[in-house]
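Engineer: First, the structure itself, so that you have it in front of you.
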Amino acid sequence: MVIILGFYKRKAGLTHEQFCHHWKNVHGPLIRSIPDIDKYLVRYVQHHLTPDSGYPTPEGMDFDGFSEAWFVDTDARDALFELDFFKAEVIDDERKFIDMDATRWITLDEQHVMIAGPPGLAK
């Protein structure tokens, strides 16, 4: 399993709420609409972050959200990223609400589940 974590800041001029609305209601459905998406993407999770006034945000970690994109392997990831629809539609949409210069990605390829929790917890 290959997991990409993407960390995102909103584009200048957008509020956090506008960013979250677009990401959830426009971008998420756009990802879902990719033809045969399940051939490429196993799981896609959006984490919309809200600062907690009780805990300071460390410098450099002031993201509006992060995502998890789960792929069976790197071939599936690469195939998705090479789709014309992905390059034209998905990337174009990202530029509408994400500060692409502030975006950061981490690719993980090994997980060690220490506590899985009860069945169905991750729904």
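Here, A, B, ... name the chains of the structure tokens in the order displayed, residue numbers run from 1 inside each chain, and ligands are numbered from 1 in the same displayed order.
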Hey, what does DSSP flag as strand (DSSP E) within chain A? Can you give it to me as a list in words?
Structural biologist: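 So, restricting chain A to strand (DSSP E), we get Val2, Ile3, Ile4, Leu5, Gly6, Phe7, Tyr8, Arg43, Tyr44, Val45, Gln46, His47, His48, Gly65, Phe66, Ser67, Glu68, Ala69, Trp70, Phe71, Arg104, Trp105, Ile106, Thr107 and Leu108 of chain A.
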Engineer: Taking 3 positions as the minimum chain separation for residues in the same chain, which residues sit within 10 Å of Arg77 of chain A when counting only C-alpha atoms? Answer as a ChimeraX atom specification.
Structural biologist: /A:2-4,39-41,69-74,80-82
Engineer: Any chance you can output those residues with N, CA and C atoms as a JSON list (two decimals), in the first residue's frame?
Structural biologist:
[["chain", "number", "residue", "atom", "x", "y", "z"],
["A", 2, "VAL", "N", 0.56, 2.19, -0.83],
["A", 2, "VAL", "CA", 1.27, 3.47, -0.89],
["A", 2, "VAL", "C", 0.28, 4.56, -0.49],
["A", 3, "ILE", "N", 0.68, 5.37, 0.48],
["A", 3, "ILE", "CA", -0.19, 6.45, 0.94],
["A", 3, "ILE", "C", 0.54, 7.76, 0.74],
["A", 4, "ILE", "N", -0.15, 8.71, 0.12],
["A", 4, "ILE", "CA", 0.37, 10.06, -0.03],
["A", 4, "ILE", "C", -0.40, 10.96, 0.92],
["A", 39, "LYS", "N", -9.91, 1.85, -9.89],
["A", 39, "LYS", "CA", -8.74, 1.17, -10.47],
["A", 39, "LYS", "C", -7.44, 1.77, -9.95],
["A", 40, "TYR", "N", -7.52, 3.00, -9.47],
["A", 40, "TYR", "CA", -6.33, 3.74, -9.08],
["A", 40, "TYR", "C", -6.27, 4.01, -7.57],
["A", 41, "LEU", "N", -7.37, 4.50, -7.05],
["A", 41, "LEU", "CA", -7.40, 5.01, -5.69],
["A", 41, "LEU", "C", -8.22, 4.07, -4.80],
["A", 69, "ALA", "N", -4.28, 9.86, 0.36],
["A", 69, "ALA", "CA", -4.64, 9.18, -0.88],
["A", 69, "ALA", "C", -3.95, 7.82, -0.84],
["A", 70, "TRP", "N", -4.75, 6.75, -0.81],
["A", 70, "TRP", "CA", -4.25, 5.39, -0.67],
["A", 70, "TRP", "C", -4.28, 4.69, -2.02],
["A", 71, "PHE", "N", -3.16, 4.11, -2.40],
["A", 71, "PHE", "CA", -3.02, 3.39, -3.66],
["A", 71, "PHE", "C", -2.50, 1.98, -3.36],
["A", 72, "VAL", "N", -2.85, 1.02, -4.21],
["A", 72, "VAL", "CA", -2.35, -0.34, -4.06],
["A", 72, "VAL", "C", -0.83, -0.35, -4.22],
["A", 73, "ASP", "N", -0.33, 0.42, -5.19],
["A", 73, "ASP", "CA", 1.11, 0.47, -5.43],
["A", 73, "ASP", "C", 1.44, 1.74, -6.21],
["A", 74, "THR", "N", 2.72, 1.94, -6.48],
["A", 74, "THR", "CA", 3.14, 3.15, -7.18],
["A", 74, "THR", "C", 2.67, 3.17, -8.63],
["A", 80, "LEU", "N", -2.88, 7.12, -12.28],
["A", 80, "LEU", "CA", -3.88, 8.15, -12.00],
["A", 80, "LEU", "C", -3.34, 9.53, -12.37],
["A", 81, "PHE", "N", -2.13, 9.81, -11.95],
["A", 81, "PHE", "CA", -1.55, 11.13, -12.20],
["A", 81, "PHE", "C", -1.30, 11.40, -13.68],
["A", 82, "GLU", "N", -1.25, 10.35, -14.49],
["A", 82, "GLU", "CA", -1.03, 10.51, -15.94],
["A", 82, "GLU", "C", -2.33, 10.62, -16.74]]
Engineer: For Asp101 of chain A, list every protein, DNA or RNA residue within 12 Å, evaluated using only C-alpha atoms, and leave out those in the same chain fewer than 5 positions away; present the list as a ChimeraX atom specification.
Structural biologist: /A:7-12,94-95
Engineer: Could you pull out the helix (DSSP H, G or I) residues of segment 61-97 of chain A from DSSP and send them as a ChimeraX atom specification?
Structural biologist: /A:74-82,84-97
Engineer: Between A:Tyr44, A:Tyr55, A:Phe85, A:Phe19, which is the closest to Asp99 of chain A once you count only C-alpha atoms?
Structural biologist: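 Using only C-alpha atoms, Asp99 of chain A sits closest to A:Phe19.
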